[in-house]
$ cat work-v4.txt   # compact mmCIF, C-alpha atoms and all ligand atoms
# COMPACT_ATOMS: atom_id res chain seq x y z
CA MET A 472 12.05 -6.62 -5.18
CA GLY A 473 14.97 -5.71 -7.45
CA LYS A 474 16.97 -8.26 -9.36
CA CYS A 475 18.27 -10.45 -6.65
CA GLY A 476 20.88 -12.91 -5.42
CA ALA A 477 24.21 -13.58 -7.01
CA LYS A 478 24.54 -16.92 -8.71
CA PRO A 479 26.74 -19.38 -6.83
CA ALA A 480 29.59 -20.67 -8.93
CA GLU A 481 28.44 -24.27 -8.58
CA ALA A 482 24.94 -23.41 -9.78
CA LYS A 483 25.94 -23.17 -13.43
CA GLU A 484 25.81 -26.84 -14.34
CA THR A 485 22.35 -27.52 -13.00
CA ASP A 486 20.77 -24.15 -13.59
CA PRO A 487 17.03 -24.75 -13.06
CA CYS A 488 16.30 -21.64 -15.04
CA ALA A 489 17.54 -23.02 -18.32
CA PRO A 490 15.40 -21.81 -21.22
CA PRO A 491 12.36 -23.84 -22.24
CA THR A 492 12.22 -25.95 -25.38
CA VAL A 493 11.40 -22.96 -27.57
CA ALA A 494 13.95 -20.13 -27.55
CA PRO A 495 12.19 -17.05 -26.21
CA THR A 496 13.82 -14.55 -28.52
CA ALA A 497 16.62 -13.68 -30.81
CA ALA A 498 17.36 -10.29 -32.24
CA GLU A 499 17.68 -10.26 -36.00
CA SER A 500 20.91 -8.36 -36.03
CA GLY A 501 22.94 -9.23 -32.95
CA GLN A 502 22.44 -7.93 -29.46
CA PRO A 503 22.52 -4.20 -28.73
CA ASP A 504 25.33 -3.14 -26.40
CA SER A 505 22.93 -2.04 -23.67
CA LEU A 506 21.32 -5.49 -23.49
CA ALA A 507 24.75 -7.15 -23.52
CA TRP A 508 25.72 -4.92 -20.59
CA PHE A 509 22.83 -6.10 -18.42
CA ASN A 510 23.49 -9.73 -19.37
CA LYS A 511 26.65 -9.36 -17.29
CA MET A 512 24.85 -7.53 -14.52
CA VAL A 513 26.13 -9.66 -11.62
CA GLU A 514 29.75 -9.38 -12.77
CA HIS A 515 29.43 -5.60 -13.20
CA ASN A 516 27.74 -5.23 -9.81
CA LEU A 517 30.38 -7.31 -8.07
CA ALA A 518 33.23 -5.33 -9.60
CA TYR A 519 31.51 -2.08 -8.64
CA ALA A 520 30.79 -3.22 -5.08
CA ARG A 521 34.39 -4.38 -4.57
CA GLU A 522 35.86 -1.16 -5.91
CA GLU A 523 33.57 1.02 -3.82
CA LYS A 524 34.16 -1.08 -0.69
CA ALA A 525 37.90 -0.77 -1.25
CA ARG A 526 37.56 2.99 -1.11
CA GLY A 527 35.61 2.77 2.15
CA ARG A 528 32.00 2.84 1.00
CA ARG A 529 29.53 0.67 2.94
CA LEU A 530 27.18 -1.91 1.49
CA VAL A 531 23.64 -2.36 2.80
CA GLY A 532 21.58 -5.42 1.89
CA ILE A 533 17.86 -5.10 1.30
CA ALA A 534 15.24 -7.73 0.49
CA CYS A 535 12.16 -5.71 -0.30
CA GLU A 536 10.89 -2.74 -2.25
CA TYR A 537 9.75 -1.09 0.99
CA ALA A 538 13.40 -0.45 1.90
CA PRO A 539 14.19 3.19 1.03
CA ARG A 540 17.24 3.15 -1.21
CA GLU A 541 17.46 6.95 -1.09
CA LEU A 542 18.28 6.94 2.64
CA ILE A 543 20.95 4.29 2.17
CA LEU A 544 22.53 6.19 -0.74
CA ALA A 545 22.45 9.39 1.30
CA ALA A 546 24.50 7.60 3.97
CA ASP A 547 27.06 7.11 1.17
CA ALA A 548 26.31 3.38 1.14
CA MET A 549 25.26 1.05 -1.67
CA PRO A 550 21.83 -0.59 -1.41
CA VAL A 551 21.99 -4.12 -2.84
CA CYS A 552 19.15 -6.57 -3.31
CA LEU A 553 19.78 -9.91 -1.57
CA CYS A 554 16.69 -11.88 -2.67
CA GLY A 555 17.56 -15.42 -3.66
CA GLY A 556 16.37 -16.83 -6.98
CA PHE A 557 18.29 -20.10 -7.10
CA GLU A 558 16.87 -23.52 -6.40
CA GLN A 559 20.28 -24.86 -5.35
CA MET A 560 20.09 -22.77 -2.17
CA ILE A 561 16.80 -24.33 -1.04
CA PRO A 562 18.04 -27.70 0.35
CA PRO A 563 20.51 -26.04 2.72
CA ALA A 564 17.76 -23.68 3.89
CA GLU A 565 15.42 -26.59 4.56
CA ARG A 566 17.84 -27.88 7.17
CA VAL A 567 16.52 -25.03 9.29
CA LEU A 568 13.34 -23.65 7.73
CA PRO A 569 10.14 -25.60 7.06
CA ALA A 570 9.87 -26.99 3.53
CA ASN A 571 6.44 -25.42 3.13
CA LEU A 572 7.76 -21.90 2.78
CA CYS A 573 8.10 -19.47 -0.12
CA PRO A 574 11.10 -20.44 -2.32
CA LEU A 575 12.32 -16.84 -2.41
CA VAL A 576 12.66 -16.77 1.36
CA LYS A 577 14.28 -20.21 1.45
CA SER A 578 16.72 -19.39 -1.32
CA THR A 579 17.72 -16.11 0.37
CA PHE A 580 18.27 -17.97 3.65
CA GLY A 581 20.19 -20.75 1.90
CA PHE A 582 22.62 -18.15 0.51
CA HIS A 583 23.01 -16.88 4.07
CA LEU A 584 23.74 -20.32 5.55
CA GLU A 585 26.10 -21.30 2.76
CA LYS A 586 27.78 -17.88 2.72
CA ALA A 587 27.35 -18.15 -1.07
CA ASN A 588 26.15 -14.63 -1.92
CA PRO A 589 29.21 -12.36 -2.12
CA PHE A 590 27.03 -9.26 -1.68
CA LEU A 591 25.59 -10.61 1.56
CA GLU A 592 29.09 -11.49 2.75
CA MET A 593 30.18 -7.91 2.03
CA ALA A 594 27.14 -6.32 3.67
CA ASP A 595 27.77 -3.99 6.60
CA LEU A 596 24.09 -3.96 7.50
CA ILE A 597 20.86 -5.59 6.31
CA VAL A 598 17.69 -3.53 6.27
CA ALA A 599 14.85 -5.99 6.77
CA GLU A 600 11.14 -5.34 7.02
CA THR A 601 7.97 -6.83 8.49
CA THR A 602 6.09 -7.71 5.32
CA CYS A 603 5.10 -11.37 5.19
CA ASP A 604 5.53 -13.72 8.15
CA ALA A 605 7.96 -15.94 6.25
CA LYS A 606 10.45 -13.13 5.66
CA LYS A 607 9.98 -11.59 9.07
CA LYS A 608 10.78 -14.85 10.90
CA MET A 609 13.60 -15.72 8.50
CA PHE A 610 15.25 -12.38 9.28
CA GLU A 611 14.98 -13.19 12.98
CA LEU A 612 17.17 -16.25 12.40
CA MET A 613 19.54 -14.34 10.16
CA ALA A 614 19.92 -11.68 12.86
CA GLU A 615 21.61 -14.26 15.09
CA SER A 616 24.78 -13.82 13.07
CA ARG A 617 24.39 -10.69 10.94
CA PRO A 618 23.67 -7.02 11.71
CA ILE A 619 20.04 -6.38 10.85
CA HIS A 620 17.78 -3.38 11.25
CA LEU A 621 14.09 -4.19 10.97
CA LEU A 622 11.58 -1.69 9.57
CA GLU A 623 8.09 -2.17 10.97
CA LEU A 624 5.69 -1.74 8.07
CA PRO A 625 2.17 -0.53 8.83
CA GLN A 626 -0.11 -2.86 6.85
CA LYS A 627 -3.27 -0.76 6.73
CA PRO A 628 -1.86 1.93 4.40
CA ASP A 629 -4.99 4.06 4.30
CA GLU A 630 -5.29 4.50 8.06
CA PRO A 631 -4.57 8.14 8.98
CA ASP A 632 -1.72 7.26 11.34
CA ALA A 633 -0.02 4.75 8.98
CA ILE A 634 2.07 7.39 7.25
CA GLU A 635 3.12 8.91 10.59
CA ARG A 636 4.30 5.54 11.87
CA TRP A 637 6.12 4.75 8.61
CA THR A 638 7.83 8.15 8.64
CA VAL A 639 9.01 7.44 12.19
CA GLU A 640 10.47 4.14 10.92
CA PHE A 641 12.37 6.03 8.21
CA ARG A 642 13.72 8.54 10.72
CA LYS A 643 14.86 5.66 12.95
CA LEU A 644 16.62 4.07 9.98
CA GLN A 645 18.29 7.39 9.23
CA ARG A 646 19.72 7.48 12.78
CA VAL A 647 20.81 3.83 12.61
CA LEU A 648 22.69 4.46 9.36
CA GLU A 649 24.29 7.59 10.78
CA ASP A 650 25.37 5.95 14.03
CA ARG A 651 26.57 2.71 12.49
CA PHE A 652 28.51 4.31 9.64
CA GLY A 653 29.59 7.48 11.47
CA VAL A 654 28.10 9.76 8.82
CA ARG A 655 25.52 12.51 8.78
CA ILE A 656 22.68 12.25 6.30
CA THR A 657 22.19 15.84 5.33
CA GLU A 658 18.95 17.09 3.86
CA ASP A 659 20.79 18.25 0.74
CA ARG A 660 22.30 14.82 0.18
CA LEU A 661 18.96 13.13 0.69
CA ARG A 662 17.36 15.43 -1.89
CA GLU A 663 20.22 14.74 -4.29
CA GLU A 664 19.83 10.95 -3.91
CA THR A 665 16.08 11.31 -4.36
CA ARG A 666 16.75 13.01 -7.70
CA ARG A 667 19.10 10.18 -8.69
CA MET A 668 16.58 7.51 -7.77
CA ASN A 669 13.88 9.44 -9.66
CA ARG A 670 16.14 9.45 -12.69
CA GLU A 671 16.74 5.72 -12.48
CA ARG A 672 13.02 5.05 -12.02
CA GLN A 673 12.15 7.31 -14.93
CA LEU A 674 14.64 5.67 -17.30
CA ARG A 675 13.37 2.22 -16.37
CA ARG A 676 9.76 3.38 -16.81
CA GLU A 677 10.59 4.70 -20.27
CA LEU A 678 12.20 1.39 -21.20
CA ALA A 679 9.17 -0.52 -19.95
CA ALA A 680 6.93 1.84 -21.93
CA LEU A 681 8.56 0.65 -25.18
CA MET A 682 6.39 -2.43 -24.67
CA LYS A 683 3.28 -0.34 -25.34
CA ALA A 684 4.12 -0.37 -29.05
CA ASP A 685 2.23 -2.59 -31.50
CA ASP A 686 5.55 -4.25 -32.28
CA PRO A 687 7.66 -3.92 -29.10
CA PRO A 688 11.43 -3.91 -29.68
CA LEU A 689 12.10 -6.11 -26.63
CA THR A 690 10.82 -9.20 -24.92
CA GLY A 691 9.54 -9.19 -21.38
CA ARG A 692 12.58 -11.24 -20.37
CA GLU A 693 14.87 -8.55 -21.73
CA VAL A 694 12.98 -5.86 -19.83
CA LEU A 695 13.24 -8.01 -16.69
CA ASP A 696 16.99 -8.33 -17.15
CA MET A 697 17.57 -4.60 -17.61
CA LYS A 698 18.23 -3.65 -14.03
CA SER A 699 20.84 -4.08 -11.35
CA LEU A 700 21.13 -5.50 -7.86
CA ILE A 701 22.70 -2.20 -6.78
CA ALA A 702 20.79 1.04 -7.27
CA CYS A 703 22.06 4.06 -9.18
CA ILE A 704 25.35 2.72 -10.55
CA PRO A 705 26.43 5.55 -12.91
CA ALA A 706 27.34 3.13 -15.74
CA ASP A 707 23.86 1.57 -15.53
CA LEU A 708 22.20 4.95 -15.92
CA ASP A 709 24.31 5.52 -19.05
CA GLN A 710 23.25 2.15 -20.40
CA TYR A 711 19.56 2.88 -19.82
CA GLU A 712 19.96 6.08 -21.82
CA ALA A 713 21.81 4.24 -24.57
CA ALA A 714 19.09 1.59 -24.67
CA LEU A 715 16.40 4.21 -25.11
CA LYS A 716 18.28 5.45 -28.19
CA GLU A 717 19.22 2.10 -29.73
CA LEU A 718 16.18 -0.07 -29.05
CA PRO A 719 13.25 1.67 -30.78
CA GLY A 720 12.76 0.10 -34.20
CA ARG A 721 14.57 -3.11 -33.26
CA ARG A 722 12.96 -6.28 -34.55
CA VAL A 723 12.69 -9.36 -32.38
CA ASN A 724 12.40 -12.87 -33.75
CA PRO A 725 9.83 -14.45 -33.61
CA PRO A 726 8.06 -11.13 -34.27
CA THR A 727 6.43 -9.59 -31.25
CA THR A 728 3.29 -8.87 -33.33
CA GLU A 729 2.61 -12.59 -33.62
CA ARG A 730 2.56 -13.20 -29.88
CA VAL A 731 -0.20 -12.82 -27.31
CA ARG A 732 0.26 -9.70 -25.16
CA VAL A 733 0.50 -10.76 -21.51
CA LEU A 734 0.28 -8.69 -18.35
CA LEU A 735 2.25 -10.53 -15.68
CA THR A 736 1.29 -9.81 -12.08
CA GLY A 737 2.04 -11.32 -8.67
CA VAL A 738 5.28 -12.17 -6.91
CA PRO A 739 8.74 -10.87 -7.87
CA LEU A 740 11.09 -12.87 -10.14
CA PRO A 741 14.52 -12.42 -8.58
CA HIS A 742 17.66 -13.11 -10.58
CA GLY A 743 17.83 -16.86 -11.27
CA ALA A 744 14.06 -17.38 -10.95
CA GLU A 745 13.06 -16.30 -14.47
CA ARG A 746 11.83 -19.77 -15.51
CA VAL A 747 8.13 -18.84 -15.64
CA MET A 748 8.87 -15.73 -17.69
CA ASP A 749 10.75 -17.91 -20.20
CA LEU A 750 7.93 -20.43 -20.31
CA ILE A 751 5.36 -17.70 -20.96
CA GLU A 752 7.44 -16.19 -23.73
CA GLY A 753 8.72 -19.48 -25.11
CA HIS A 754 5.23 -20.69 -25.98
CA GLY A 755 3.66 -17.82 -27.86
CA GLY A 756 3.35 -15.02 -25.32
CA LEU A 757 4.99 -11.63 -24.95
CA VAL A 758 5.03 -10.11 -21.47
CA VAL A 759 4.30 -6.48 -22.31
CA CYS A 760 3.79 -5.40 -18.70
CA GLN A 761 5.11 -6.65 -15.36
CA GLU A 762 3.03 -5.58 -12.39
CA THR A 763 5.53 -7.04 -9.94
CA CYS A 764 8.29 -5.84 -7.63
CA THR A 765 10.88 -6.84 -10.23
CA GLY A 766 8.91 -4.90 -12.83
CA LEU A 767 6.91 -1.70 -12.78
CA LYS A 768 5.37 -1.83 -9.33
CA PRO A 769 8.11 0.04 -7.41
CA ILE A 770 9.00 2.49 -10.18
CA LEU A 771 5.59 3.89 -11.07
CA GLU A 772 5.87 6.85 -8.72
CA ASP A 773 8.62 9.33 -7.91
CA VAL A 774 9.32 11.57 -4.95
CA ASP A 775 9.33 15.37 -5.09
CA PRO A 776 12.93 16.25 -4.19
CA LYS A 777 11.74 19.71 -3.12
CA ALA A 778 9.10 18.42 -0.70
CA PRO A 779 9.17 20.42 2.56
CA ASP A 780 9.86 17.26 4.59
CA ILE A 781 11.88 14.97 2.35
CA VAL A 782 11.85 11.99 4.76
CA ALA A 783 8.06 12.17 5.03
CA ALA A 784 7.77 12.45 1.24
CA LEU A 785 9.89 9.32 0.82
CA ALA A 786 7.83 7.48 3.40
CA GLU A 787 4.65 8.41 1.55
CA LYS A 788 5.94 7.08 -1.77
CA TYR A 789 7.08 3.79 -0.28
CA LEU A 790 3.91 3.25 1.72
CA ARG A 791 1.88 3.53 -1.51
CA LEU A 792 3.55 0.41 -2.92
CA PRO A 793 0.68 -2.05 -3.44
CA CYS A 794 2.13 -5.29 -2.08
CA SER A 795 -0.32 -8.03 -1.14
CA VAL A 796 0.76 -7.76 2.51
CA MET A 797 -1.31 -4.55 2.63
CA THR A 798 -4.96 -4.66 3.56
CA PRO A 799 -7.05 -3.63 1.83
CA ASN A 800 -4.85 -3.45 -1.25
CA GLU A 801 -7.12 -1.41 -3.49
CA ARG A 802 -4.17 0.40 -5.06
CA ARG A 803 -3.02 -2.82 -6.74
CA MET A 804 -6.44 -3.23 -8.38
CA GLU A 805 -6.31 0.38 -9.59
CA SER A 806 -2.84 -0.18 -10.97
CA LEU A 807 -3.89 -3.37 -12.77
CA ARG A 808 -6.87 -1.61 -14.38
CA ARG A 809 -4.68 1.18 -15.65
CA LEU A 810 -1.75 -0.99 -16.81
CA ALA A 811 -3.97 -3.52 -18.62
CA ALA A 812 -5.44 -0.66 -20.66
CA GLU A 813 -2.16 1.21 -21.27
CA TYR A 814 -0.26 -1.90 -22.38
CA ARG A 815 -3.27 -3.39 -24.21
CA ALA A 816 -2.95 -6.76 -22.52
CA GLN A 817 -4.81 -9.64 -24.16
CA CYS A 818 -4.63 -11.77 -21.01
CA VAL A 819 -3.30 -11.70 -17.45
CA ILE A 820 -1.04 -14.28 -15.83
CA GLU A 821 -0.64 -14.21 -12.08
CA LEU A 822 2.45 -15.83 -10.61
CA VAL A 823 2.29 -17.02 -7.00
CA TRP A 824 5.28 -18.62 -5.31
CA GLN A 825 4.32 -21.72 -3.35
CA ALA A 826 3.30 -20.86 0.21
CA CYS A 827 3.00 -17.14 -0.49
CA LEU A 828 -0.28 -16.75 1.32
CA THR A 829 -0.91 -13.06 0.76
CA TYR A 830 -0.52 -13.15 -3.04
CA ASP A 831 -2.39 -16.44 -3.19
CA VAL A 832 -5.44 -15.18 -1.30
CA GLU A 833 -5.40 -11.87 -3.19
CA ALA A 834 -5.38 -13.83 -6.46
CA HIS A 835 -9.11 -14.31 -5.98
CA ARG A 836 -9.71 -10.56 -6.22
CA VAL A 837 -7.33 -10.22 -9.15
CA ARG A 838 -9.08 -13.01 -11.06
CA ARG A 839 -12.45 -11.35 -10.46
CA LEU A 840 -11.16 -7.98 -11.62
CA VAL A 841 -9.54 -9.43 -14.73
CA THR A 842 -12.33 -11.73 -15.88
CA GLU A 843 -15.43 -9.85 -14.78
CA GLU A 844 -14.40 -6.21 -15.07
CA LEU A 845 -11.66 -6.18 -17.70
CA GLY A 846 -13.11 -9.08 -19.66
CA LEU A 847 -9.70 -10.73 -20.17
CA PRO A 848 -8.62 -14.37 -19.85
CA TYR A 849 -6.72 -15.05 -16.60
CA LEU A 850 -4.35 -17.78 -15.47
CA ARG A 851 -2.91 -18.30 -12.00
CA ILE A 852 0.39 -20.17 -11.86
CA GLU A 853 1.46 -21.43 -8.46
CA THR A 854 4.94 -22.87 -8.53
CA GLY A 855 8.37 -22.96 -6.92
CA TYR A 856 11.89 -22.78 -8.29
CA SER A 857 12.05 -26.42 -9.42
CA PRO A 858 11.52 -26.99 -13.16
CA SER A 859 9.57 -30.19 -12.47
CA ASP A 860 6.24 -28.61 -13.48
CA SER A 861 7.50 -26.72 -16.56
CA ALA A 862 5.71 -28.97 -19.05
CA ARG A 863 2.42 -28.57 -17.21
CA ILE A 864 2.81 -24.78 -17.08
CA ALA A 865 3.59 -24.70 -20.80
CA VAL A 866 0.36 -26.55 -21.63
CA ARG A 867 -1.66 -24.17 -19.49
CA VAL A 868 -0.20 -21.00 -20.99
CA GLN A 869 -0.77 -22.32 -24.50
CA ALA A 870 -4.42 -23.00 -23.66
CA LEU A 871 -4.69 -19.46 -22.27
CA TYR A 872 -3.29 -18.01 -25.50
CA GLU A 873 -5.84 -19.95 -27.55
CA THR A 874 -8.60 -18.39 -25.47
CA ALA A 875 -7.02 -14.93 -25.74
CA ARG A 876 -6.61 -15.18 -29.52
CA TYR A 877 -10.09 -16.35 -30.27
CA ARG A 878 -12.18 -14.62 -27.63
CA PRO A 879 -14.80 -12.20 -28.98
CA ALA A 880 -13.40 -8.66 -29.22
CA LYS A 881 -14.18 -6.98 -25.93
CA GLY A 882 -11.93 -4.31 -24.51
CA PRO A 883 -11.63 -3.41 -20.87
CA ALA A 884 -14.97 -2.28 -19.43
S1 LIG A 901 6.25 -8.41 -3.12
FE1 LIG A 901 5.95 -7.32 -1.18
S2 LIG A 901 7.37 -8.32 0.23
FE2 LIG A 901 8.03 -8.87 -1.85
S3 LIG A 901 9.53 -7.31 -2.45
FE3 LIG A 901 7.55 -6.60 -3.14
S4 LIG A 901 6.87 -5.27 -1.49
FE4 LIG A 901 8.47 -6.58 -0.63
S1 LIG A 902 6.70 -13.98 -2.43
FE1 LIG A 902 5.18 -13.88 -0.77
S2 LIG A 902 5.90 -15.27 0.82
FE2 LIG A 902 7.60 -14.89 -0.60
S3 LIG A 902 8.74 -13.22 0.34
FE3 LIG A 902 7.30 -12.30 -1.10
S4 LIG A 902 5.43 -11.84 0.10
FE4 LIG A 902 6.72 -13.27 1.29
$ encode --input "work-v4.txt" --output "structure tokens"
Amino acid sequence: MGKCGAKPAEAKETDPCAPPTVAPTAAESGQPDSLAWFNKMVEHNLAYAREEKARGRRLVGIACEYAPRELILAADAMPVCLCGGFEQMIPPAERVLPANLCPLVKSTFGFHLEKANPFLEMADLIVAETTCDAKKKMFELMAESRPIHLLELPQKPDEPDAIERWTVEFRKLQRVLEDRFGVRITEDRLREETRRMNRERQLRRELAALMKADDPPLTGREVLDMKSLIACIPADLDQYEAALKELPGRRVNPPTTERVRVLLTGVPLPHGAERVMDLIEGHGGLVVCQETCTGLKPILEDVDPKAPDIVAALAEKYLRLPCSVMTPNERRMESLRRLAAEYRAQCVIELVWQACLTYDVEAHRVRRLVTEELGLPYLRIETGYSPSDSARIAVRVQALYETARYRPAKGPA
């Protein structure tokens, strides 16, 4: 999932994502312009969306990294992430949805009921998907009052016919976009948008790779913040390039060398739901790698813009995304092995949103991989958007760091 959900105006005063007791970071010499730019991401995205809408461009909401942004861009529309990250939107959602549901789904639905997400209110279409049951059934309710197209995701990605069925879903989406918006998605345009998305993915990969350094010039929270709700905004691409020039050599305080290197895996952290990241980094950790949908997971692979069948090539890339809804999900284990080594993680923290069954069950496999095969300390944090358990989480991450610091030297097997 990209960075999600605009903050409702009334959320400011009781922001549940306020920083923990220890400030996560401060640059020694002010904040680089590129970081300052992404600190105002929602404002920039809103201004961009309004301007583009005013000149007739459509806006398409998405809520998952399986939604192909390239197809939406090729229909001359803007793909915008709608995932809710704010606790304030949960009580309204619980008037309709069961309380025992993932907070991300509830928050997204709360924004819908309250009409509090300006991007959702501007959306001409929502591209939904059958990933987890919670989202699938939530979309069914949302479809009662909003235009929704549902992608049916094959969940056994290695079955020979999975890619065929997923490619058919992409071709259906292409027709829906064309019919609804009265445009034709040409092959040339689709290849062009594939190149643009590749560029955005590559720039974000390069920024994330700065965390491989012994003394990374960023915190994990800053890496998390360096993205947009809307894909491929030209000014964002310029800022990524500027960041790659101005960030190397930057010093962060407290120094990144003094912190425990953490690989964060599990559920996405949409905009507003960064509390756990701040707790991890506010108590002696540095998230050097994010194996999540708001981190590296969706940007690790590109699409060949010259592929003979560009729609099939896109479908193949997206189907390879190792979300826990897939079974078996061997690709996630492969990715974790590789990333733990590349980013020299000293421990792994797995975040599971309450009631997210697929990530929760898969946590067992991840724990086994991390502790038995990679020989690293592992911590599973199951939580929601409420800060009520922040103190307990802080104690647990500090204990993990003690173990990571003093464990006998043993690299990945
Ligand atoms: S974790 Fe799974 S369901 Fe959530 S955004 Fe990623 S791919 Fe979609
Ligand atoms: S975090 Fe889990 S339950 Fe929540 S939307 Fe994602 S896959 Fe579904």
$ axis_aligned_box --input "work-v4.txt" --around "ligand LIG 902 (chain A)" --padding-each-side "8 Å" --output "JSON"
{"center_x": 7.0, "center_y": -13.6, "center_z": -0.6, "size_x": 19.6, "size_y": 19.4, "size_z": 19.7}
$ residues_near_ligand --input "work-v4.txt" --ligand "ligand LIG 901 (chain A)" --cutoff "8 Å" --atoms "all atoms listed in the file" --output "PyMOL selection string"
chain A and resi 472-473+534-537+602-603+606+737-739+763-765+769+792-796
$ write_last_selection --input "work-v4.txt" --atoms "C-alpha atoms" --output "short mmCIF file (atom, residue, chain, number, x, y, z; two decimals), in the coordinates of the input"
data_model
loop_
_atom_site.label_atom_id
_atom_site.label_comp_id
_atom_site.auth_asym_id
_atom_site.auth_seq_id
_atom_site.Cartn_x
_atom_site.Cartn_y
_atom_site.Cartn_z
CA MET A 472 12.05 -6.62 -5.18
CA GLY A 473 14.97 -5.71 -7.45
CA ALA A 534 15.24 -7.73 0.49
CA CYS A 535 12.16 -5.71 -0.30
CA GLU A 536 10.89 -2.74 -2.25
CA TYR A 537 9.75 -1.09 0.99
CA THR A 602 6.09 -7.71 5.32
CA CYS A 603 5.10 -11.37 5.19
CA LYS A 606 10.45 -13.13 5.66
CA GLY A 737 2.04 -11.32 -8.67
CA VAL A 738 5.28 -12.17 -6.91
CA PRO A 739 8.74 -10.87 -7.87
CA THR A 763 5.53 -7.04 -9.94
CA CYS A 764 8.29 -5.84 -7.63
CA THR A 765 10.88 -6.84 -10.23
CA PRO A 769 8.11 0.04 -7.41
CA LEU A 792 3.55 0.41 -2.92
CA PRO A 793 0.68 -2.05 -3.44
CA CYS A 794 2.13 -5.29 -2.08
CA SER A 795 -0.32 -8.03 -1.14
CA VAL A 796 0.76 -7.76 2.51
#
$ closest_residue --input "work-v4.txt" --among "A:Glu813, A:Glu649, A:Glu729, A:Glu844" --to "Arg876 of chain A" --atoms "only C-alpha atoms"
A:Glu729
$ atom_distance --input "work-v4.txt" --atom1 "atom CA of Glu671 of chain A" --atom2 "atom CA of Glu522 of chain A"
21.4 Å
$ closest_residue --input "work-v4.txt" --among "A:Val868, A:Val819, A:Leu661, A:Ala744" --to "Phe557 of chain A" --atoms "only C-alpha atoms"
A:Ala744
$ residues_around --input "work-v4.txt" --residues "Asp629 of chain A" --least-positions-apart "2" --cutoff "12 Å" --atoms "all atoms listed in the file" --output "number ranges by chain"
A: 625-627, 631-635, 637, 787, 790-793, 797-802
$ closest_residue --input "work-v4.txt" --among "A:Ala816, A:Glu677, A:Ala865, A:Ala786" --to "Arg636 of chain A" --atoms "only C-alpha atoms"
A:Ala786
$ residues_near_point --input "work-v4.txt" --point "(17.1, 14.6, -4.2)" --cutoff "9 Å" --atoms "only C-alpha atoms" --output "JSON, numbers by chain"
{"A": [541, 658, 659, 660, 661, 662, 663, 664, 665, 666, 667, 668, 669, 774, 775, 776, 777, 781]}
$ residues_around --input "work-v4.txt" --residues "Glu853 of chain A" --least-positions-apart "6" --cutoff "7 Å" --atoms "all atoms listed in the file" --output "list in words"
Leu822, Val823, Trp824 and Gln825 of chain A
$ atom_distance --input "work-v4.txt" --atom1 "atom CA of Asp604 of chain A" --atom2 "atom CA of Ala826 of chain A"
10.9 Å
